[in-house]
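coords-v7.csv (CSV, C-alpha atoms and all ligand atoms)
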chain,number,residue,atom,x,y,z
A,256,ARG,CA,19.6,-18.7,5.5
A,257,ARG,CA,23.2,-18.7,4.4
A,258,THR,CA,23.4,-15.2,2.8
A,259,PRO,CA,21.4,-12.5,4.7
A,260,VAL,CA,23.1,-9.8,2.7
A,261,ALA,CA,24.0,-10.4,-0.9
A,262,ARG,CA,25.8,-8.1,-3.4
A,263,GLN,CA,24.3,-8.2,-6.9
A,264,GLU,CA,26.2,-7.8,-10.2
A,265,ASP,CA,25.0,-4.2,-10.6
A,266,GLY,CA,26.5,-3.2,-7.2
A,267,SER,CA,23.2,-3.1,-5.3
A,268,TYR,CA,22.6,-5.1,-2.1
A,269,VAL,CA,19.8,-7.5,-1.3
A,270,VAL,CA,18.8,-8.0,2.4
A,271,SER,CA,16.4,-10.9,3.1
A,272,THR,CA,16.5,-11.9,6.8
A,273,TYR,CA,14.2,-10.6,9.6
A,274,ARG,CA,16.9,-9.4,12.0
A,275,GLU,CA,18.9,-7.5,9.4
A,276,LEU,CA,15.9,-6.0,7.7
A,277,THR,CA,14.6,-4.7,11.0
A,278,GLU,CA,18.0,-3.3,11.8
A,279,LEU,CA,18.2,-1.5,8.5
A,280,LEU,CA,14.6,-0.2,8.6
A,281,HIS,CA,15.6,1.6,11.9
A,282,ASP,CA,19.0,2.8,10.7
A,283,PRO,CA,19.3,6.6,10.3
A,284,HIS,CA,22.2,6.0,7.8
A,285,LEU,CA,19.8,4.8,5.2
A,286,SER,CA,18.1,7.3,2.9
A,287,SER,CA,14.7,7.0,1.2
A,288,ASP,CA,15.5,9.9,-1.1
A,289,VAL,CA,15.8,8.3,-4.5
A,290,ARG,CA,18.1,11.1,-5.6
A,291,HIS,CA,20.8,9.5,-3.4
A,292,LEU,CA,20.8,6.3,-5.4
A,293,SER,CA,23.8,5.8,-7.7
A,294,ARG,CA,21.3,4.7,-10.4
A,295,PRO,CA,18.3,7.0,-9.9
A,296,MET,CA,14.8,5.5,-10.1
A,297,PRO,CA,11.3,7.0,-10.0
A,298,SER,CA,9.9,7.9,-6.7
A,299,ALA,CA,7.1,5.8,-5.1
A,300,GLU,CA,4.6,8.3,-6.1
A,301,GLY,CA,6.1,8.7,-9.5
A,302,GLY,CA,5.7,12.4,-9.8
A,303,ASP,CA,8.3,15.2,-10.2
A,304,THR,CA,7.8,16.5,-6.7
A,305,PRO,CA,8.7,13.9,-4.1
A,306,ALA,CA,6.3,13.0,-1.4
A,307,PHE,CA,7.3,12.2,2.2
A,308,ILE,CA,7.7,8.5,1.5
A,309,ASN,CA,10.8,9.5,-0.5
A,310,MET,CA,12.1,12.1,1.9
A,311,ASP,CA,14.4,11.8,5.0
A,312,PRO,CA,14.2,13.6,8.3
A,313,PRO,CA,13.6,16.4,9.2
A,314,GLU,CA,11.3,17.2,6.2
A,315,HIS,CA,9.8,13.7,6.2
A,316,ASP,CA,8.9,13.9,9.8
A,317,ARG,CA,7.3,17.3,9.5
A,318,LEU,CA,5.0,16.4,6.6
A,319,ARG,CA,4.1,13.0,8.0
A,320,ARG,CA,3.2,14.5,11.4
A,321,MET,CA,1.0,17.1,9.7
A,322,ALA,CA,-0.8,14.6,7.6
A,323,MET,CA,-1.1,12.2,10.5
A,324,ARG,CA,-2.9,14.8,12.6
A,325,HIS,CA,-5.9,14.5,10.3
A,326,PHE,CA,-5.7,11.0,9.0
A,327,GLY,CA,-4.8,9.3,12.3
A,328,PRO,CA,-4.9,5.7,13.4
A,329,PRO,CA,-8.3,4.6,14.8
A,330,HIS,CA,-7.4,5.5,18.4
A,331,THR,CA,-6.9,9.2,17.6
A,332,PRO,CA,-9.7,11.4,16.4
A,333,GLY,CA,-8.5,11.1,12.7
A,334,LEU,CA,-10.6,10.6,9.6
A,335,VAL,CA,-10.3,6.8,9.6
A,336,ALA,CA,-11.8,6.4,13.1
A,337,GLY,CA,-15.4,7.0,12.0
A,338,MET,CA,-15.3,5.2,8.6
A,339,GLU,CA,-16.5,1.7,9.4
A,340,GLY,CA,-20.1,2.4,8.4
A,341,ASP,CA,-19.1,4.1,5.2
A,342,LEU,CA,-16.8,1.3,4.2
A,343,THR,CA,-19.4,-1.4,4.9
A,344,ALA,CA,-21.9,0.6,2.7
A,345,VAL,CA,-19.4,0.8,-0.2
A,346,VAL,CA,-18.6,-2.9,0.0
A,347,GLY,CA,-22.3,-3.8,0.2
A,348,GLY,CA,-23.0,-1.7,-2.9
A,349,LEU,CA,-20.2,-3.4,-4.9
A,350,ILE,CA,-21.4,-6.9,-3.9
A,351,ASP,CA,-25.0,-5.9,-4.8
A,352,ASP,CA,-23.9,-5.0,-8.3
A,353,PHE,CA,-22.5,-8.5,-9.1
A,354,ALA,CA,-24.8,-10.6,-6.9
A,355,GLY,CA,-26.5,-13.4,-8.9
A,356,ARG,CA,-23.8,-13.6,-11.6
A,357,ASP,CA,-22.4,-17.1,-12.3
A,358,GLN,CA,-18.8,-15.8,-12.5
A,359,ILE,CA,-17.2,-12.7,-11.1
A,360,ASP,CA,-13.6,-11.2,-11.1
A,361,ILE,CA,-12.7,-10.4,-7.5
A,362,VAL,CA,-10.1,-7.8,-8.9
A,363,ASP,CA,-12.2,-5.9,-11.5
A,364,ASP,CA,-15.6,-6.2,-9.8
A,365,PHE,CA,-14.6,-5.6,-6.3
A,366,ALA,CA,-11.0,-5.1,-5.0
A,367,TYR,CA,-10.0,-2.6,-7.7
A,368,PRO,CA,-12.9,-0.1,-7.4
A,369,PHE,CA,-13.1,-0.3,-3.6
A,370,PRO,CA,-10.0,1.6,-2.4
A,371,VAL,CA,-10.2,4.4,-5.0
A,372,THR,CA,-13.8,5.1,-3.9
A,373,VAL,CA,-12.6,5.2,-0.3
A,374,ILE,CA,-9.8,7.6,-1.0
A,375,CYS,CA,-12.2,9.8,-3.0
A,376,HIS,CA,-14.4,10.0,0.0
A,377,LEU,CA,-11.5,10.9,2.3
A,378,LEU,CA,-10.2,13.6,0.1
A,379,GLY,CA,-13.6,15.1,-0.6
A,380,VAL,CA,-13.8,14.4,-4.3
A,381,PRO,CA,-17.4,15.0,-5.4
A,382,ARG,CA,-19.3,11.8,-6.4
A,383,ASP,CA,-19.7,12.9,-10.0
A,384,ASP,CA,-15.9,13.2,-10.5
A,385,GLU,CA,-15.1,9.7,-9.1
A,386,PRO,CA,-15.2,8.0,-12.5
A,387,ARG,CA,-12.4,10.3,-13.7
A,388,PHE,CA,-10.4,9.4,-10.7
A,389,HIS,CA,-10.8,5.7,-11.5
A,390,VAL,CA,-9.4,6.3,-15.0
A,391,TRP,CA,-6.4,8.3,-13.8
A,392,VAL,CA,-5.6,5.7,-11.2
A,393,ASP,CA,-5.9,2.9,-13.9
A,394,ASP,CA,-3.5,4.7,-16.2
A,395,ILE,CA,-1.0,5.5,-13.5
A,396,VAL,CA,-1.0,2.0,-12.0
A,397,ASN,CA,-0.7,0.5,-15.5
A,398,SER,CA,2.4,2.6,-16.3
A,399,ILE,CA,4.2,1.7,-13.1
A,400,ASP,CA,5.6,-1.6,-14.4
A,401,TYR,CA,6.3,-0.1,-17.9
A,402,ASP,CA,9.0,-2.1,-19.7
A,403,PRO,CA,10.5,-0.3,-22.8
A,404,ARG,CA,11.4,-3.7,-24.3
A,405,THR,CA,7.9,-5.1,-24.5
A,406,ASP,CA,5.3,-2.3,-23.9
A,407,PRO,CA,4.0,0.4,-26.3
A,408,LYS,CA,5.3,3.9,-25.4
A,409,GLU,CA,1.6,4.9,-25.2
A,410,LYS,CA,1.3,3.0,-21.9
A,411,LEU,CA,4.0,5.3,-20.4
A,412,ASP,CA,2.6,8.5,-22.0
A,413,LYS,CA,-0.9,7.7,-20.6
A,414,GLY,CA,0.6,7.4,-17.1
A,415,VAL,CA,2.4,10.7,-17.4
A,416,ARG,CA,-0.7,12.5,-18.7
A,417,ALA,CA,-2.8,11.0,-15.9
A,418,ARG,CA,-0.4,12.2,-13.3
A,419,GLN,CA,-0.5,15.8,-14.7
A,420,ASP,CA,-4.3,15.7,-14.9
A,421,LEU,CA,-4.6,14.4,-11.4
A,422,ARG,CA,-2.3,17.1,-10.0
A,423,GLN,CA,-4.2,19.8,-11.8
A,424,TYR,CA,-7.6,18.5,-10.7
A,425,LEU,CA,-6.4,18.2,-7.0
A,426,GLY,CA,-5.1,21.8,-7.3
A,427,GLY,CA,-8.5,23.0,-8.4
A,428,LEU,CA,-10.2,21.2,-5.5
A,429,LEU,CA,-7.7,22.6,-3.1
A,430,GLU,CA,-8.3,26.2,-4.3
A,431,GLN,CA,-12.0,25.8,-3.3
A,432,ARG,CA,-11.0,24.6,0.2
A,433,HIS,CA,-8.8,27.6,1.2
A,434,GLY,CA,-10.5,29.6,3.9
A,435,ARG,CA,-13.4,27.1,4.0
A,436,PRO,CA,-12.7,24.7,6.9
A,437,GLY,CA,-14.5,21.3,6.3
A,438,ASP,CA,-14.3,17.7,7.2
A,439,ASP,CA,-12.5,16.2,4.2
A,440,LEU,CA,-8.7,15.8,4.2
A,441,LEU,CA,-8.0,18.5,1.7
A,442,ALA,CA,-10.1,21.0,3.6
A,443,ARG,CA,-8.4,20.0,6.9
A,444,LEU,CA,-4.9,20.3,5.4
A,445,ALA,CA,-5.6,23.6,3.6
A,446,ASN,CA,-6.8,25.3,6.8
A,447,ASP,CA,-4.5,23.7,9.4
A,448,ASP,CA,-2.9,26.1,11.8
A,449,GLY,CA,-1.2,23.4,14.0
A,450,PRO,CA,2.2,23.4,15.6
A,451,ASP,CA,4.0,22.7,12.4
A,452,GLY,CA,2.4,25.5,10.4
A,453,ARG,CA,0.7,24.9,7.1
A,454,MET,CA,1.6,22.7,4.2
A,455,THR,CA,2.2,24.5,0.9
A,456,ASP,CA,-0.3,23.7,-1.9
A,457,GLU,CA,2.5,21.7,-3.7
A,458,GLU,CA,3.0,19.7,-0.5
A,459,ILE,CA,-0.7,19.0,0.0
A,460,ILE,CA,-1.1,17.9,-3.6
A,461,SER,CA,2.0,15.6,-3.3
A,462,THR,CA,0.6,14.1,-0.1
A,463,ALA,CA,-2.9,13.5,-1.6
A,464,ASN,CA,-1.2,11.9,-4.6
A,465,LEU,CA,0.9,9.7,-2.4
A,466,LEU,CA,-2.1,8.5,-0.4
A,467,LEU,CA,-3.8,7.6,-3.6
A,468,ILE,CA,-0.9,5.8,-5.2
A,469,ALA,CA,0.6,4.1,-2.1
A,470,GLY,CA,-2.9,3.1,-0.8
A,471,HIS,CA,-4.4,1.8,-4.0
A,472,GLU,CA,-2.7,-1.2,-5.5
A,473,THR,CA,-1.4,-2.4,-2.2
A,474,THR,CA,-5.0,-2.6,-0.8
A,475,VAL,CA,-6.3,-4.2,-4.0
A,476,ASN,CA,-3.6,-6.9,-3.6
A,477,LEU,CA,-4.2,-7.5,0.0
A,478,ILE,CA,-7.9,-8.1,-0.6
A,479,THR,CA,-7.3,-10.3,-3.6
A,480,ASN,CA,-4.4,-12.3,-2.0
A,481,GLY,CA,-6.8,-12.7,1.0
A,482,MET,CA,-9.6,-14.1,-1.1
A,483,LEU,CA,-7.2,-16.4,-3.0
A,484,THR,CA,-5.7,-17.7,0.2
A,485,LEU,CA,-9.2,-18.3,1.7
A,486,LEU,CA,-10.3,-20.2,-1.4
A,487,ARG,CA,-7.2,-22.4,-1.1
A,488,HIS,CA,-8.0,-23.0,2.6
A,489,PRO,CA,-11.7,-23.8,2.6
A,490,GLN,CA,-11.7,-24.8,6.3
A,491,VAL,CA,-10.4,-21.3,7.2
A,492,LEU,CA,-13.0,-19.7,5.0
A,493,GLN,CA,-15.7,-21.7,6.8
A,494,ARG,CA,-14.3,-20.7,10.2
A,495,LEU,CA,-14.4,-17.0,9.2
A,496,ARG,CA,-18.1,-17.4,8.3
A,497,ASP,CA,-18.8,-18.9,11.7
A,498,GLU,CA,-16.4,-16.7,13.8
A,499,PRO,CA,-16.3,-13.2,12.3
A,500,GLY,CA,-13.8,-12.1,15.0
A,501,LEU,CA,-11.2,-14.3,13.3
A,502,VAL,CA,-10.8,-11.6,10.6
A,503,VAL,CA,-8.5,-9.5,12.8
A,504,PRO,CA,-5.7,-12.0,13.3
A,505,LEU,CA,-6.4,-13.4,9.8
A,506,VAL,CA,-5.6,-10.1,8.1
A,507,GLU,CA,-2.3,-9.8,10.1
A,508,GLU,CA,-1.4,-13.4,8.9
A,509,LEU,CA,-2.2,-12.4,5.3
A,510,LEU,CA,0.2,-9.4,5.6
A,511,ARG,CA,2.9,-11.9,6.7
A,512,TYR,CA,2.1,-14.8,4.4
A,513,GLU,CA,0.9,-13.1,1.2
A,514,PRO,CA,2.1,-9.5,1.5
A,515,PRO,CA,1.3,-7.0,-1.2
A,516,VAL,CA,4.7,-5.3,-0.9
A,517,HIS,CA,7.5,-7.8,-1.4
A,518,ILE,CA,10.4,-5.4,-1.8
A,519,ILE,CA,11.3,-1.9,-0.8
A,520,PRO,CA,13.7,-1.0,-3.6
A,521,TRP,CA,14.5,2.6,-2.7
A,522,ARG,CA,17.0,2.7,0.1
A,523,ALA,CA,20.5,4.2,-0.3
A,524,ALA,CA,23.4,4.0,2.2
A,525,TYR,CA,24.3,7.5,3.4
A,526,SER,CA,27.6,6.1,4.7
A,527,ASP,CA,29.4,2.7,4.9
A,528,ILE,CA,27.0,0.4,6.8
A,529,THR,CA,28.0,-2.9,8.3
A,530,VAL,CA,25.3,-5.5,8.5
A,531,ALA,CA,25.7,-9.3,9.1
A,532,ASP,CA,29.5,-8.9,8.8
A,533,THR,CA,29.1,-7.3,5.3
A,534,VAL,CA,30.1,-3.7,4.6
A,535,ILE,CA,27.7,-2.0,2.3
A,536,PRO,CA,29.6,1.0,0.8
A,537,LYS,CA,28.3,4.5,0.9
A,538,GLY,CA,25.9,5.3,-2.0
A,539,SER,CA,24.8,1.7,-2.7
A,540,GLN,CA,21.3,0.9,-3.4
A,541,ILE,CA,19.7,-1.5,-0.9
A,542,MET,CA,16.7,-3.7,-1.6
A,543,LEU,CA,14.8,-4.7,1.5
A,544,MET,CA,13.1,-8.1,0.9
A,545,LEU,CA,10.2,-7.6,3.3
A,546,ALA,CA,8.3,-10.7,2.2
A,547,SER,CA,11.3,-12.9,2.8
A,548,GLY,CA,11.8,-11.4,6.3
A,549,SER,CA,8.2,-12.2,7.1
A,550,ARG,CA,8.9,-15.9,6.3
A,551,ASP,CA,12.2,-16.1,8.1
A,552,PRO,CA,12.4,-19.4,9.9
A,553,ASN,CA,14.6,-17.9,12.6
A,554,ARG,CA,11.7,-15.5,13.5
A,555,PHE,CA,8.5,-17.4,12.6
A,556,HIS,CA,7.6,-20.9,13.5
A,557,ASP,CA,6.6,-23.0,10.4
A,558,PRO,CA,6.7,-19.8,8.3
A,559,ASP,CA,5.3,-21.3,5.0
A,560,SER,CA,2.0,-22.3,6.7
A,561,PHE,CA,-1.0,-20.0,6.7
A,562,ALA,CA,-1.9,-19.9,10.4
A,563,PRO,CA,-4.5,-17.2,11.3
A,564,ASP,CA,-4.2,-18.1,15.0
A,565,ARG,CA,-0.5,-17.3,15.0
A,566,ARG,CA,0.6,-15.3,18.0
A,567,ASP,CA,3.2,-12.5,18.2
A,568,ASN,CA,2.8,-11.8,14.5
A,569,GLN,CA,5.3,-8.9,14.1
A,570,HIS,CA,5.4,-9.2,10.3
A,571,LEU,CA,7.1,-6.7,8.0
A,572,GLY,CA,4.0,-6.3,5.7
A,573,PHE,CA,3.8,-2.5,6.5
A,574,GLY,CA,7.5,-2.0,6.9
A,575,SER,CA,8.9,-0.7,10.2
A,576,GLY,CA,10.6,2.4,11.6
A,577,ILE,CA,10.0,6.0,10.6
A,578,HIS,CA,8.3,5.1,7.2
A,579,LEU,CA,6.0,2.5,8.8
A,580,CYS,CA,2.9,2.4,6.6
A,581,PHE,CA,0.8,5.5,7.3
A,582,GLY,CA,-2.3,3.9,5.9
A,583,GLY,CA,-2.1,0.6,7.9
A,584,PRO,CA,-5.2,1.3,10.0
A,585,LEU,CA,-7.3,2.1,7.0
A,586,ALA,CA,-5.9,-0.8,4.9
A,587,ARG,CA,-6.6,-3.2,7.8
A,588,LEU,CA,-10.2,-2.0,8.2
A,589,GLU,CA,-10.9,-2.1,4.5
A,590,THR,CA,-9.6,-5.6,4.2
A,591,GLN,CA,-11.3,-6.9,7.3
A,592,ILE,CA,-14.7,-5.5,6.1
A,593,ALA,CA,-14.1,-6.7,2.5
A,594,LEU,CA,-13.3,-10.3,3.4
A,595,THR,CA,-16.0,-10.6,6.1
A,596,GLU,CA,-18.7,-9.4,3.6
A,597,LEU,CA,-17.4,-11.5,0.7
A,598,VAL,CA,-17.4,-14.8,2.7
A,599,GLN,CA,-20.8,-14.1,4.1
A,600,ARG,CA,-22.4,-13.2,0.8
A,601,LEU,CA,-20.7,-15.5,-1.8
A,602,ASP,CA,-22.5,-18.8,-2.0
A,603,ARG,CA,-20.0,-21.7,-2.3
A,604,PRO,CA,-17.3,-19.7,-4.1
A,605,GLY,CA,-14.6,-21.6,-6.0
A,606,LEU,CA,-11.5,-20.7,-8.0
A,607,VAL,CA,-11.7,-20.8,-11.8
A,608,ALA,CA,-7.9,-21.0,-12.3
A,609,ASP,CA,-5.2,-21.8,-9.8
A,610,PRO,CA,-2.8,-20.1,-9.9
A,611,PRO,CA,-4.5,-17.0,-11.3
A,612,PRO,CA,-2.6,-14.6,-13.7
A,613,TYR,CA,-0.2,-12.3,-11.7
A,614,ARG,CA,0.9,-8.7,-12.2
A,615,ARG,CA,4.4,-8.5,-13.5
A,616,SER,CA,5.9,-6.3,-10.8
A,617,PRO,CA,8.4,-8.0,-8.5
A,618,VAL,CA,7.8,-5.2,-5.9
A,619,LEU,CA,4.0,-5.3,-5.6
A,620,ARG,CA,2.6,-8.8,-5.7
A,621,GLY,CA,-1.0,-9.8,-6.5
A,622,PRO,CA,-3.2,-11.4,-9.2
A,623,ILE,CA,-4.2,-9.2,-12.1
A,624,HIS,CA,-7.5,-11.1,-12.3
A,625,LEU,CA,-9.2,-13.6,-9.8
A,626,PRO,CA,-12.1,-15.3,-11.5
A,627,VAL,CA,-14.4,-17.0,-9.0
A,628,GLU,CA,-17.6,-19.0,-9.7
A,701,LIG,C1,4.4,3.3,3.5
A,701,LIG,C2,2.7,-1.1,2.7
A,701,LIG,C3,-1.8,0.7,2.3
A,701,LIG,C4,0.0,5.1,2.6
A,701,LIG,C5,4.3,1.9,3.3
A,701,LIG,C6,5.4,1.0,3.4
A,701,LIG,C7,4.9,-0.2,3.2
A,701,LIG,C8,3.5,-0.1,2.9
A,701,LIG,C9,5.7,-1.5,3.2
A,701,LIG,C10,6.9,1.4,3.8
A,701,LIG,C11,7.6,2.0,2.7
A,701,LIG,C12,9.0,2.4,3.0
A,701,LIG,O1,9.5,2.1,4.1
A,701,LIG,O2,9.7,3.0,2.2
A,701,LIG,C13,1.3,-1.0,2.5
A,701,LIG,C14,0.4,-2.1,2.3
A,701,LIG,C15,-0.9,-1.6,2.2
A,701,LIG,C16,-0.8,-0.2,2.3
A,701,LIG,C17,0.8,-3.6,2.3
A,701,LIG,C18,-2.2,-2.3,2.0
A,701,LIG,C19,-2.5,-3.5,2.4
A,701,LIG,C20,-1.7,2.1,2.4
A,701,LIG,C21,-2.9,3.0,2.4
A,701,LIG,C22,-2.4,4.2,2.5
A,701,LIG,C23,-0.9,4.1,2.5
A,701,LIG,C24,-4.3,2.6,2.3
A,701,LIG,C25,-3.0,5.6,2.5
A,701,LIG,C26,-4.2,5.8,2.2
A,701,LIG,C27,1.3,5.0,2.9
A,701,LIG,C28,2.2,6.2,3.0
A,701,LIG,C29,3.5,5.6,3.3
A,701,LIG,C30,3.4,4.2,3.3
A,701,LIG,C31,1.8,7.6,3.0
A,701,LIG,C32,4.8,6.4,3.5
A,701,LIG,C33,5.0,6.6,5.0
A,701,LIG,C34,6.2,7.4,5.3
A,701,LIG,O3,7.1,7.5,4.5
A,701,LIG,O4,6.3,7.9,6.4
A,701,LIG,N1,3.2,1.2,3.0
A,701,LIG,N2,0.6,0.2,2.5
A,701,LIG,N3,-0.6,2.8,2.5
A,701,LIG,N4,2.0,3.8,3.0
A,701,LIG,FE1,1.3,2.0,2.8

Show how you would write the structure in this file as structure tokens.
Ligand code: HEM
Amino acid sequence: RRTPVARQEDGSYVVSTYRELTELLHDPHLSSDVRHLSRPMPSAEGGDTPAFINMDPPEHDRLRRMAMRHFGPPHTPGLVAGMEGDLTAVVGGLIDDFAGRDQIDIVDDFAYPFPVTVICHLLGVPRDDEPRFHVWVDDIVNSIDYDPRTDPKEKLDKGVRARQDLRQYLGGLLEQRHGRPGDDLLARLANDDGPDGRMTDEEIISTANLLLIAGHETTVNLITNGMLTLLRHPQVLQRLRDEPGLVVPLVEELLRYEPPVHIIPWRAAYSDITVADTVIPKGSQIMLMLASGSRDPNRFHDPDSFAPDRRDNQHLGFGSGIHLCFGGPLARLETQIALTELVQRLDRPGLVADPPPYRRSPVLRGPIHLPVE
């Protein structure tokens, strides 16, 4: 409340209030290109070739537009529009696999495998290859919060190897798609002759990688944070059973109240920027505290309460501006279906430990396990 913009000892700036965050997310003087940071950091996707989440206009806009033509929000004829049946079937299958057990782990048994399976379907990965995908994603996700002070180097090496193997595998898949139009995302991108021309193979592979990495742990955390919040609010859980339509505003409230992305750490100032009477000098790294903005008492009434009936819920859970989450429609649909099916099918679920153990990352927040009996 007192310090919307704060300078840290290392020279970076932390911005934590709704108005200032929104202003900066729409400011063309901020760059997402991690090479502009005074202290370079890995890109979101973690690979050597940046993907469009870590690019600025005009390149960002061209690649995002090309990918969007095929992915599309539910109201355009993109891939996500027709996925509801598929998603419900994947969720049903996962629940069938653990039905009847005394105790399950919402993360390992459900939330973790679900989004990888979905992305595999979208990209057109053959069923038999899916287990390899799960292993690569595991190794990459595990290496993201690598800390050289406490972690064995092997953890980092595994992540690097998994990234290489994944890129090589996607390259092979892409080769088979050239000249053979089809319905999956790789085939669509490889044969696109739209107004922006074609993506190069490198660009397609980086984009596919980005969808996988940006869309995996975030969705795992939203589903897990959602189940945890429902178990802590049993009257809301019961309401969701009785009124399935509640799931739509409930997922929006989760994105505000327990968001998977707490911080966007990779913005840099292209020029001096004045925000809330503070001058942020050119070249500074800026940390955007999205989760804090979504609980700003100047924007949200009673911000620390979980209120699924909340109106005008313009949270920052998916960011805002030109980098607004590309997978929002898919993540919403996945989480709505996951929570609806879980509350319908779990019989009197209860938490085994509260709080559950959390992942270490300050950027992506969610439990590492969520045992439920
Ligand atoms: C961007 C959150 C799921 C793909 C973002 C950003 C946020 C975010 C905060 C903005 C990053 C920035 O401004 O630098 C989330 C959350 C999700 C989720 C909370 C789940 C609950 C997904 C899914 C996909 C996806 C499922 C794809 C399959 C992307 C991409 C971008 C992005 C490609 C970059 C957009 C751009 O740079 O134009 N996401 N995301 N996300 N997200 Fe998501």

Pairwise distance for atom CA of Arg565 of chain A and atom CA of Gln599 of chain A, rounded to one decimal in Å
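Separating atom CA of Arg565 of chain A from atom CA of Gln599 of chain A is a distance of 23.3 Å.
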
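Of the residues listed (A:Arg511, A:His556, A:Arg487, A:His433), A:Arg487 shows the shortest atom-to-atom separation from Val607 of chain A; distances use only C-alpha atoms.
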
Mind running segment 343-390 of chain A against segment 471-475 of chain A at 8 Å and telling me each contacting residue's nearest atom pair with the distance in Å (one decimal), counting all atoms listed in the file, chain and number ascending, as a Markdown table?
| residue | atom | partner | partner_atom | distance |
| --- | --- | --- | --- | --- |
| A:Val362 | CA | A:Val475 | CA | 7.2 |
| A:Ala366 | CA | A:Val475 | CA | 4.9 |
| A:Tyr367 | CA | A:Val475 | CA | 5.5 |
| A:Phe369 | CA | A:Val475 | CA | 7.8 |
| A:Pro370 | CA | A:His471 | CA | 5.8 |
| A:Val371 | CA | A:His471 | CA | 6.4 |

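Reported to one decimal place, the separation of atom CA of Lys410 of chain A from atom CA of Ile518 of chain A is 23.6 Å.
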
Using all atoms listed in the file, the best pick from A:Gly470, A:Gly437, A:Pro563, A:Gly481 as closest to Val396 of chain A would be A:Gly470

Return as JSON lines the residues of chain A lying at most 6 Å from ligand LIG 701 (chain A), together with the closest atom-to-atom pair for each and the distance in Å to one decimal, counting only C-alpha atoms and all ligand atoms, with rows in chain order and ascending residue number.
{"residue": "A:Phe307", "atom": "CA", "partner": "A:LIG701", "partner_atom": "O3", "distance": 5.2}
{"residue": "A:Ile308", "atom": "CA", "partner": "A:LIG701", "partner_atom": "O3", "distance": 3.2}
{"residue": "A:Arg319", "atom": "CA", "partner": "A:LIG701", "partner_atom": "O4", "distance": 5.8}
{"residue": "A:Leu465", "atom": "CA", "partner": "A:LIG701", "partner_atom": "C31", "distance": 5.9}
{"residue": "A:Leu466", "atom": "CA", "partner": "A:LIG701", "partner_atom": "C25", "distance": 4.2}
{"residue": "A:Ala469", "atom": "CA", "partner": "A:LIG701", "partner_atom": "C23", "distance": 4.8}
{"residue": "A:Gly470", "atom": "CA", "partner": "A:LIG701", "partner_atom": "C21", "distance": 3.2}
{"residue": "A:Thr473", "atom": "CA", "partner": "A:LIG701", "partner_atom": "C18", "distance": 4.3}
{"residue": "A:Thr474", "atom": "CA", "partner": "A:LIG701", "partner_atom": "C18", "distance": 4.0}
{"residue": "A:Leu477", "atom": "CA", "partner": "A:LIG701", "partner_atom": "C19", "distance": 5.0}
{"residue": "A:Pro515", "atom": "CA", "partner": "A:LIG701", "partner_atom": "C17", "distance": 4.9}
{"residue": "A:Val516", "atom": "CA", "partner": "A:LIG701", "partner_atom": "C17", "distance": 5.3}
{"residue": "A:Ile519", "atom": "CA", "partner": "A:LIG701", "partner_atom": "O2", "distance": 6.0}
{"residue": "A:Gly572", "atom": "CA", "partner": "A:LIG701", "partner_atom": "C17", "distance": 5.4}
{"residue": "A:Phe573", "atom": "CA", "partner": "A:LIG701", "partner_atom": "C9", "distance": 3.9}
{"residue": "A:Gly574", "atom": "CA", "partner": "A:LIG701", "partner_atom": "C9", "distance": 4.1}
{"residue": "A:Ile577", "atom": "CA", "partner": "A:LIG701", "partner_atom": "O4", "distance": 5.9}
{"residue": "A:His578", "atom": "CA", "partner": "A:LIG701", "partner_atom": "O4", "distance": 3.5}
{"residue": "A:Leu579", "atom": "CA", "partner": "A:LIG701", "partner_atom": "C10", "distance": 5.2}
{"residue": "A:Cys580", "atom": "CA", "partner": "A:LIG701", "partner_atom": "C1", "distance": 3.6}
{"residue": "A:Phe581", "atom": "CA", "partner": "A:LIG701", "partner_atom": "C27", "distance": 4.5}
{"residue": "A:Gly582", "atom": "CA", "partner": "A:LIG701", "partner_atom": "C22", "distance": 3.4}
{"residue": "A:Gly583", "atom": "CA", "partner": "A:LIG701", "partner_atom": "C3", "distance": 5.6}
{"residue": "A:Leu585", "atom": "CA", "partner": "A:LIG701", "partner_atom": "C24", "distance": 5.6}
{"residue": "A:Ala586", "atom": "CA", "partner": "A:LIG701", "partner_atom": "C24", "distance": 4.6}

Spatial neighbours of segment 356-360 of chain A, max dist 8 Å, only C-alpha atoms, sep filter under 2 positions, as a ChimeraX atom specification
/A:353-354,362-365,624-628

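Contact shell of Arg262 of chain A at 10 Å (only C-alpha atoms; same-chain neighbours under 3 positions omitted): A:Thr258, A:Asp265, A:Gly266, A:Ser267, A:Tyr268, A:Val269, A:Val270, A:Thr533, A:Ile535, A:Ser539, A:Ile541.
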
For His291 of chain A, which of A:Val534, A:Ala524, A:Leu545, A:Val506 is the closest residue, counting all atoms listed in the file?
A:Ala524

What does the structure give for the distance between atom CA of Ser271 of chain A and atom CA of Ala546 of chain A, in Å to one decimal?
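Interatomic distance here is 8.2 Å.
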
A:Thr455, A:His517, A:Leu597, A:Pro552: which is nearest Val502 of chain A, counting only C-alpha atoms?
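Of all the options, A:Leu597 lies closest to Val502 of chain A.
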
Just the residues within 12 Å of Tyr273 of chain A, please, counting all atoms listed in the file, with nothing from its chain fewer than 3 positions along; format it as a PyMOL selection string.
chain A and resi 256+259-260+270+276-280+511+531+543-555+558+569-572+574-575

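Of the residues under consideration (A:Leu318, A:Arg496, A:Asn476, A:Val390), A:Leu318 shows the shortest atom-to-atom contact distance to Ile460 of chain A when counting all atoms listed in the file.
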
Selection near Gly500 of chain A, 10 Å with all atoms listed in the file, sequence-local residues under 5 positions removed, as a PDB file with C-alpha atoms, in the coordinates of the input:
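Done, and the output landed in around34.pdb:
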ATOM      1  CA  ARG A 494     -14.300 -20.700  10.200  1.00  0.00           C
ATOM      2  CA  LEU A 495     -14.400 -17.000   9.200  1.00  0.00           C
ATOM      3  CA  LEU A 505      -6.400 -13.400   9.800  1.00  0.00           C
ATOM      4  CA  GLN A 591     -11.300  -6.900   7.300  1.00  0.00           C
ATOM      5  CA  THR A 595     -16.000 -10.600   6.100  1.00  0.00           C
TER       6      THR A 595
END
